[in-house]
>>> print(open('final.tsv').read())   # TSV, N, CA and C atoms
chain	number	residue	atom	x	y	z
A	1	ARG	N	-24.51	-48.35	14.46
A	1	ARG	CA	-24.35	-49.79	14.55
A	1	ARG	C	-25.63	-50.44	15.04
A	2	LYS	N	-25.98	-51.53	14.42
A	2	LYS	CA	-27.15	-52.26	14.88
A	2	LYS	C	-26.79	-53.10	16.09
A	3	LYS	N	-27.69	-53.13	17.03
A	3	LYS	CA	-27.49	-54.02	18.17
A	3	LYS	C	-28.12	-55.34	17.83
A	4	GLY	N	-27.34	-56.37	17.81
A	4	GLY	CA	-27.85	-57.68	17.45
A	4	GLY	C	-27.11	-58.75	18.21
A	5	LYS	N	-27.17	-59.93	17.66
A	5	LYS	CA	-26.50	-61.03	18.33
A	5	LYS	C	-24.98	-60.88	18.24
A	6	LYS	N	-24.30	-61.37	19.25
A	6	LYS	CA	-22.85	-61.30	19.27
A	6	LYS	C	-22.28	-62.32	18.30
A	7	LYS	N	-21.27	-61.92	17.57
A	7	LYS	CA	-20.66	-62.82	16.62
A	7	LYS	C	-19.34	-63.32	17.17
A	8	SER	N	-19.08	-64.59	16.96
A	8	SER	CA	-17.81	-65.14	17.42
A	8	SER	C	-16.76	-64.98	16.32
A	9	LEU	N	-15.56	-64.75	16.71
A	9	LEU	CA	-14.46	-64.63	15.77
A	9	LEU	C	-13.62	-65.88	15.85
A	10	GLN	N	-13.20	-66.35	14.70
A	10	GLN	CA	-12.36	-67.54	14.66
A	10	GLN	C	-11.07	-67.23	13.95
A	11	ARG	N	-10.00	-67.84	14.42
A	11	ARG	CA	-8.72	-67.76	13.74
A	11	ARG	C	-8.36	-69.17	13.31
A	12	LEU	N	-8.28	-69.36	12.03
A	12	LEU	CA	-7.93	-70.66	11.49
A	12	LEU	C	-6.65	-70.50	10.68
A	13	TYR	N	-5.63	-71.22	11.05
A	13	TYR	CA	-4.38	-71.16	10.31
A	13	TYR	C	-4.44	-72.15	9.16
A	14	GLN	N	-4.19	-71.67	7.96
A	14	GLN	CA	-4.20	-72.52	6.78
A	14	GLN	C	-2.80	-72.58	6.19
A	15	ASP	N	-2.31	-73.79	5.98
A	15	ASP	CA	-1.04	-73.95	5.27
A	15	ASP	C	-1.30	-73.82	3.78
A	16	PRO	N	-0.48	-73.07	3.07
A	16	PRO	CA	-0.69	-72.95	1.63
A	16	PRO	C	-0.41	-74.28	0.92
A	17	VAL	N	-1.21	-74.55	-0.09
A	17	VAL	CA	-1.02	-75.74	-0.92
A	17	VAL	C	0.15	-75.53	-1.86
A	18	PHE	N	0.31	-74.28	-2.32
A	18	PHE	CA	1.36	-73.96	-3.28
A	18	PHE	C	1.83	-72.53	-3.05
A	19	LYS	N	3.13	-72.29	-3.18
A	19	LYS	CA	3.71	-70.95	-3.07
A	19	LYS	C	4.52	-70.69	-4.33
A	20	TYR	N	4.44	-69.46	-4.84
A	20	TYR	CA	5.18	-69.11	-6.04
A	20	TYR	C	5.83	-67.74	-5.87
A	21	ASN	N	7.08	-67.66	-6.21
A	21	ASN	CA	7.83	-66.39	-6.23
A	21	ASN	C	7.89	-65.72	-4.86
A	22	VAL	N	8.09	-66.51	-3.81
A	22	VAL	CA	8.19	-65.96	-2.46
A	22	VAL	C	9.65	-65.58	-2.20
A	23	PRO	N	9.93	-64.30	-1.98
A	23	PRO	CA	11.31	-63.86	-1.80
A	23	PRO	C	11.81	-64.12	-0.38
A	24	ALA	N	13.11	-64.24	-0.23
A	24	ALA	CA	13.71	-64.37	1.10
A	24	ALA	C	13.73	-63.01	1.79
A	25	LYS	N	13.99	-61.95	1.01
A	25	LYS	CA	14.02	-60.59	1.55
A	25	LYS	C	13.34	-59.64	0.57
A	26	ILE	N	12.74	-58.61	1.13
A	26	ILE	CA	12.18	-57.53	0.32
A	26	ILE	C	12.87	-56.26	0.75
A	27	GLY	N	13.53	-55.62	-0.17
A	27	GLY	CA	14.29	-54.42	0.13
A	27	GLY	C	13.43	-53.19	0.34
A	28	LYS	N	14.06	-52.13	0.77
A	28	LYS	CA	13.40	-50.87	1.03
A	28	LYS	C	12.85	-50.30	-0.29
A	29	ASN	N	11.62	-49.78	-0.25
A	29	ASN	CA	10.94	-49.19	-1.41
A	29	ASN	C	10.86	-50.16	-2.58
A	30	GLN	N	10.67	-51.43	-2.31
A	30	GLN	CA	10.61	-52.44	-3.35
A	30	GLN	C	9.23	-53.09	-3.32
A	31	THR	N	8.69	-53.40	-4.50
A	31	THR	CA	7.41	-54.08	-4.63
A	31	THR	C	7.65	-55.47	-5.17
A	32	VAL	N	7.01	-56.46	-4.54
A	32	VAL	CA	7.17	-57.85	-4.95
A	32	VAL	C	5.80	-58.49	-5.06
A	33	ARG	N	5.59	-59.27	-6.12
A	33	ARG	CA	4.35	-60.03	-6.26
A	33	ARG	C	4.65	-61.49	-5.96
A	34	MET	N	3.78	-62.09	-5.16
A	34	MET	CA	3.93	-63.50	-4.83
A	34	MET	C	2.55	-64.15	-4.83
A	35	VAL	N	2.52	-65.47	-4.94
A	35	VAL	CA	1.26	-66.20	-5.01
A	35	VAL	C	1.23	-67.26	-3.92
A	36	TYR	N	0.12	-67.28	-3.18
A	36	TYR	CA	-0.15	-68.33	-2.19
A	36	TYR	C	-1.48	-68.97	-2.58
A	37	VAL	N	-1.50	-70.28	-2.69
A	37	VAL	CA	-2.73	-71.01	-3.02
A	37	VAL	C	-3.17	-71.75	-1.75
A	38	LEU	N	-4.43	-71.51	-1.36
A	38	LEU	CA	-5.00	-72.12	-0.16
A	38	LEU	C	-6.04	-73.16	-0.56
A	39	PRO	N	-6.36	-74.10	0.34
A	39	PRO	CA	-7.42	-75.06	0.04
A	39	PRO	C	-8.75	-74.33	-0.19
A	40	LYS	N	-9.63	-74.94	-0.96
A	40	LYS	CA	-10.90	-74.33	-1.32
A	40	LYS	C	-11.79	-74.15	-0.08
A	41	PHE	N	-12.41	-72.96	0.04
A	41	PHE	CA	-13.36	-72.70	1.11
A	41	PHE	C	-14.32	-71.60	0.66
A	42	SER	N	-15.41	-71.42	1.38
A	42	SER	CA	-16.38	-70.38	1.06
A	42	SER	C	-16.76	-69.65	2.33
A	43	LEU	N	-17.32	-68.45	2.16
A	43	LEU	CA	-17.72	-67.60	3.28
A	43	LEU	C	-19.17	-67.17	3.10
A	44	SER	N	-19.88	-66.98	4.21
A	44	SER	CA	-21.22	-66.40	4.14
A	44	SER	C	-21.10	-64.90	3.91
A	45	LYS	N	-22.21	-64.25	3.59
A	45	LYS	CA	-22.18	-62.82	3.28
A	45	LYS	C	-21.80	-61.96	4.48
A	46	GLU	N	-22.03	-62.46	5.67
A	46	GLU	CA	-21.72	-61.68	6.88
A	46	GLU	C	-20.27	-61.81	7.30
A	47	ARG	N	-19.54	-62.72	6.70
A	47	ARG	CA	-18.17	-62.99	7.11
A	47	ARG	C	-17.16	-62.36	6.17
A	48	ARG	N	-15.94	-62.22	6.67
A	48	ARG	CA	-14.86	-61.64	5.91
A	48	ARG	C	-13.57	-62.37	6.27
A	49	ALA	N	-12.75	-62.62	5.29
A	49	ALA	CA	-11.46	-63.27	5.55
A	49	ALA	C	-10.40	-62.19	5.74
A	50	ILE	N	-9.50	-62.41	6.67
A	50	ILE	CA	-8.40	-61.49	6.90
A	50	ILE	C	-7.11	-62.27	6.72
A	51	LEU	N	-6.33	-61.85	5.75
A	51	LEU	CA	-5.05	-62.48	5.47
A	51	LEU	C	-3.97	-61.69	6.20
A	52	GLU	N	-3.25	-62.35	7.08
A	52	GLU	CA	-2.19	-61.70	7.85
A	52	GLU	C	-0.83	-62.14	7.35
A	53	LEU	N	0.01	-61.19	7.02
A	53	LEU	CA	1.39	-61.46	6.65
A	53	LEU	C	2.28	-60.86	7.73
A	54	ASN	N	3.06	-61.71	8.38
A	54	ASN	CA	3.92	-61.26	9.47
A	54	ASN	C	5.37	-61.46	9.09
A	55	GLU	N	6.17	-60.46	9.36
A	55	GLU	CA	7.59	-60.53	9.07
A	55	GLU	C	8.28	-61.44	10.08
A	56	LYS	N	9.10	-62.33	9.59
A	56	LYS	CA	9.83	-63.22	10.48
A	56	LYS	C	10.90	-62.43	11.22
A	57	ASP	N	10.93	-62.54	12.53
A	57	ASP	CA	11.89	-61.82	13.38
A	57	ASP	C	11.87	-60.32	13.11
A	58	GLY	N	10.68	-59.78	12.88
A	58	GLY	CA	10.58	-58.35	12.59
A	58	GLY	C	9.33	-57.75	13.19
A	59	GLU	N	9.08	-56.49	12.86
A	59	GLU	CA	7.94	-55.81	13.42
A	59	GLU	C	6.89	-55.41	12.40
A	60	ARG	N	7.17	-55.62	11.11
A	60	ARG	CA	6.20	-55.23	10.09
A	60	ARG	C	5.17	-56.35	9.91
A	61	ASN	N	3.90	-55.98	10.06
A	61	ASN	CA	2.80	-56.92	9.88
A	61	ASN	C	1.78	-56.27	8.95
A	62	LEU	N	1.14	-57.08	8.14
A	62	LEU	CA	0.19	-56.58	7.16
A	62	LEU	C	-1.09	-57.41	7.25
A	63	LYS	N	-2.25	-56.73	7.33
A	63	LYS	CA	-3.54	-57.41	7.36
A	63	LYS	C	-4.34	-56.97	6.14
A	64	LEU	N	-4.78	-57.95	5.34
A	64	LEU	CA	-5.59	-57.68	4.16
A	64	LEU	C	-6.99	-58.22	4.40
A	65	LYS	N	-8.00	-57.34	4.35
A	65	LYS	CA	-9.38	-57.77	4.54
A	65	LYS	C	-9.96	-58.12	3.18
A	66	ILE	N	-10.47	-59.35	3.06
A	66	ILE	CA	-10.96	-59.86	1.79
A	66	ILE	C	-12.45	-60.13	1.91
A	67	SER	N	-13.23	-59.55	1.02
A	67	SER	CA	-14.68	-59.71	1.03
A	67	SER	C	-15.08	-61.11	0.56
A	68	HIS	N	-16.28	-61.53	0.95
A	68	HIS	CA	-16.78	-62.84	0.54
A	68	HIS	C	-16.95	-62.92	-0.97
A	69	ARG	N	-17.14	-61.76	-1.64
A	69	ARG	CA	-17.33	-61.76	-3.10
A	69	ARG	C	-16.10	-62.27	-3.84
A	70	PHE	N	-14.91	-61.93	-3.37
A	70	PHE	CA	-13.68	-62.36	-4.03
A	70	PHE	C	-13.39	-63.84	-3.81
A	71	ILE	N	-13.90	-64.39	-2.72
A	71	ILE	CA	-13.64	-65.80	-2.42
A	71	ILE	C	-14.71	-66.68	-3.07
A	72	ASN	N	-15.98	-66.31	-2.96
A	72	ASN	CA	-17.06	-67.15	-3.50
A	72	ASN	C	-17.20	-67.02	-5.01
A	73	ASP	N	-16.93	-65.84	-5.57
A	73	ASP	CA	-17.03	-65.59	-7.02
A	73	ASP	C	-15.74	-64.95	-7.52
A	74	PRO	N	-14.67	-65.72	-7.66
A	74	PRO	CA	-13.37	-65.12	-7.98
A	74	PRO	C	-13.27	-64.51	-9.38
A	75	ASN	N	-14.12	-64.90	-10.30
A	75	ASN	CA	-14.02	-64.35	-11.67
A	75	ASN	C	-14.84	-63.14	-11.78
>>> encode(input="final.tsv", output="structure tokens")
Amino acid sequence: RKKGKKKSLQRLYQDPVFKYNVPAKIGKNQTVRMVYVLPKFSLSKERRAILELNEKDGERNLKLKISHRFINDPN
């Protein structure tokens, strides 16, 4: 690891602009595709977005690390 300047971490909650095919429940061993549309934003090369999905009244949580390449150049 390089020793350099300390980086600050920010948590910004974004409300989705549009949701599609969001299920009320996901059963055991079941795969579901859903779409969340967020307001437009960009990231620098040193930053990474982390999408957190938390189960309501539950213990299952999912964190997806998204590179700046997928956000700045989606195609």
>>> select_by_dssp(input="final.tsv", residues="chain A", states="alpha helix (DSSP H)", output="list of chain:residue names")
A:His68, A:Arg69, A:Phe70, A:Ile71, A:Asn72
>>> residues_around(input="final.tsv", residues="region 12-27 of chain A", least_positions_apart="5", cutoff="6 Å", atoms="only C-alpha atoms", output="PyMOL selection string")
chain A and resi 34-38
>>> atom_distance(input="final.tsv", atom1="atom C of Leu51 (chain A)", atom2="atom C of Ile66 (chain A)")
9.6 Å
>>> atom_distance(input="final.tsv", atom1="atom C of Asp73 (chain A)", atom2="atom N of Glu55 (chain A)")
28.0 Å
>>> atom_distance(input="final.tsv", atom1="atom C of Ser42 (chain A)", atom2="CA of Lys63 (chain A)")
18.7 Å
>>> axis_aligned_box(input="final.tsv", around="region 15-28 of chain A", padding_each_side="3 Å", output="AutoDock Vina command-line options")
--center_x 6.0 --center_y -63.0 --center_z -0.1 --size_x 22.6 --size_y 31.4 --size_z 18.2
>>> residues_near_point(input="final.tsv", point="(-19.6, -66.9, 2.7)", cutoff="8 Å", atoms="all atoms listed in the file", output="PyMOL selection string")
chain A and resi 41-48+67-69+71-72
>>> decode(input="final.tsv", residues="region 41-73 of chain A", atoms="N, CA and C atoms", output="mmCIF file, in the first residue's frame")
data_model
loop_
_atom_site.group_PDB
_atom_site.id
_atom_site.type_symbol
_atom_site.label_atom_id
_atom_site.label_comp_id
_atom_site.auth_asym_id
_atom_site.auth_seq_id
_atom_site.Cartn_x
_atom_site.Cartn_y
_atom_site.Cartn_z
ATOM 1 N N PHE A 41 -24.718 11.317 -12.275
ATOM 2 C CA PHE A 41 -23.551 11.766 -11.523
ATOM 3 C C PHE A 41 -22.304 11.142 -12.145
ATOM 4 N N SER A 42 -21.138 11.640 -11.783
ATOM 5 C CA SER A 42 -19.883 11.097 -12.287
ATOM 6 C C SER A 42 -18.912 10.931 -11.125
ATOM 7 N N LEU A 43 -17.894 10.100 -11.351
ATOM 8 C CA LEU A 43 -16.884 9.815 -10.330
ATOM 9 C C LEU A 43 -15.497 10.039 -10.900
ATOM 10 N N SER A 44 -14.555 10.450 -10.050
ATOM 11 C CA SER A 44 -13.165 10.532 -10.480
ATOM 12 C C SER A 44 -12.573 9.128 -10.514
ATOM 13 N N LYS A 45 -11.386 8.996 -11.097
ATOM 14 C CA LYS A 45 -10.773 7.669 -11.244
ATOM 15 C C LYS A 45 -10.406 7.035 -9.913
ATOM 16 N N GLU A 46 -10.185 7.847 -8.900
ATOM 17 C CA GLU A 46 -9.796 7.320 -7.591
ATOM 18 C C GLU A 46 -10.988 6.879 -6.756
ATOM 19 N N ARG A 47 -12.177 7.199 -7.190
ATOM 20 C CA ARG A 47 -13.374 6.912 -6.397
ATOM 21 C C ARG A 47 -14.122 5.698 -6.920
ATOM 22 N N ARG A 48 -14.963 5.157 -6.062
ATOM 23 C CA ARG A 48 -15.759 3.994 -6.394
ATOM 24 C C ARG A 48 -17.116 4.133 -5.728
ATOM 25 N N ALA A 49 -18.156 3.753 -6.422
ATOM 26 C CA ALA A 49 -19.495 3.799 -5.840
ATOM 27 C C ALA A 49 -19.810 2.435 -5.236
ATOM 28 N N ILE A 50 -20.468 2.445 -4.098
ATOM 29 C CA ILE A 50 -20.893 1.205 -3.456
ATOM 30 C C ILE A 50 -22.400 1.261 -3.303
ATOM 31 N N LEU A 51 -23.059 0.328 -3.940
ATOM 32 C CA LEU A 51 -24.509 0.231 -3.873
ATOM 33 C C LEU A 51 -24.859 -0.763 -2.771
ATOM 34 N N GLU A 52 -25.599 -0.306 -1.779
ATOM 35 C CA GLU A 52 -25.990 -1.167 -0.663
ATOM 36 C C GLU A 52 -27.467 -1.506 -0.760
ATOM 37 N N LEU A 53 -27.775 -2.784 -0.725
ATOM 38 C CA LEU A 53 -29.155 -3.251 -0.681
ATOM 39 C C LEU A 53 -29.359 -3.914 0.677
ATOM 40 N N ASN A 54 -30.288 -3.383 1.451
ATOM 41 C CA ASN A 54 -30.550 -3.899 2.793
ATOM 42 C C ASN A 54 -31.956 -4.462 2.859
ATOM 43 N N GLU A 55 -32.069 -5.618 3.456
ATOM 44 C CA GLU A 55 -33.363 -6.262 3.607
ATOM 45 C C GLU A 55 -34.162 -5.554 4.696
ATOM 46 N N LYS A 56 -35.403 -5.263 4.396
ATOM 47 C CA LYS A 56 -36.262 -4.610 5.380
ATOM 48 C C LYS A 56 -36.600 -5.607 6.483
ATOM 49 N N ASP A 57 -36.391 -5.217 7.721
ATOM 50 C CA ASP A 57 -36.650 -6.070 8.894
ATOM 51 C C ASP A 57 -35.946 -7.417 8.774
ATOM 52 N N GLY A 58 -34.736 -7.411 8.239
ATOM 53 C CA GLY A 58 -34.006 -8.669 8.075
ATOM 54 C C GLY A 58 -32.532 -8.486 8.313
ATOM 55 N N GLU A 59 -31.769 -9.536 8.040
ATOM 56 C CA GLU A 59 -30.345 -9.490 8.289
ATOM 57 C C GLU A 59 -29.504 -9.602 7.035
ATOM 58 N N ARG A 60 -30.128 -9.845 5.883
ATOM 59 C CA ARG A 60 -29.349 -9.986 4.649
ATOM 60 C C ARG A 60 -29.072 -8.601 4.061
ATOM 61 N N ASN A 61 -27.794 -8.317 3.844
ATOM 62 C CA ASN A 61 -27.368 -7.059 3.248
ATOM 63 C C ASN A 61 -26.405 -7.377 2.116
ATOM 64 N N LEU A 62 -26.447 -6.578 1.072
ATOM 65 C CA LEU A 62 -25.617 -6.811 -0.102
ATOM 66 C C LEU A 62 -24.936 -5.504 -0.482
ATOM 67 N N LYS A 63 -23.604 -5.558 -0.699
ATOM 68 C CA LYS A 63 -22.848 -4.388 -1.135
ATOM 69 C C LYS A 63 -22.235 -4.693 -2.492
ATOM 70 N N LEU A 64 -22.522 -3.834 -3.476
ATOM 71 C CA LEU A 64 -21.973 -3.979 -4.823
ATOM 72 C C LEU A 64 -21.013 -2.830 -5.072
ATOM 73 N N LYS A 65 -19.745 -3.151 -5.348
ATOM 74 C CA LYS A 65 -18.749 -2.118 -5.631
ATOM 75 C C LYS A 65 -18.744 -1.873 -7.135
ATOM 76 N N ILE A 66 -18.952 -0.609 -7.520
ATOM 77 C CA ILE A 66 -19.074 -0.246 -8.919
ATOM 78 C C ILE A 66 -17.922 0.683 -9.292
ATOM 79 N N SER A 67 -17.182 0.321 -10.323
ATOM 80 C CA SER A 67 -16.043 1.111 -10.777
ATOM 81 C C SER A 67 -16.504 2.386 -11.471
ATOM 82 N N HIS A 68 -15.615 3.382 -11.515
ATOM 83 C CA HIS A 68 -15.929 4.641 -12.179
ATOM 84 C C HIS A 68 -16.169 4.435 -13.673
ATOM 85 N N ARG A 69 -15.590 3.361 -14.254
ATOM 86 C CA ARG A 69 -15.754 3.109 -15.690
ATOM 87 C C ARG A 69 -17.202 2.828 -16.062
ATOM 88 N N PHE A 70 -17.931 2.112 -15.216
ATOM 89 C CA PHE A 70 -19.320 1.781 -15.504
ATOM 90 C C PHE A 70 -20.243 2.982 -15.349
ATOM 91 N N ILE A 71 -19.852 3.935 -14.529
ATOM 92 C CA ILE A 71 -20.693 5.109 -14.300
ATOM 93 C C ILE A 71 -20.384 6.198 -15.328
ATOM 94 N N ASN A 72 -19.109 6.473 -15.573
ATOM 95 C CA ASN A 72 -18.732 7.549 -16.497
ATOM 96 C C ASN A 72 -18.890 7.153 -17.960
ATOM 97 N N ASP A 73 -18.653 5.883 -18.298
ATOM 98 C CA ASP A 73 -18.772 5.374 -19.678
ATOM 99 C C ASP A 73 -19.655 4.133 -19.689
#
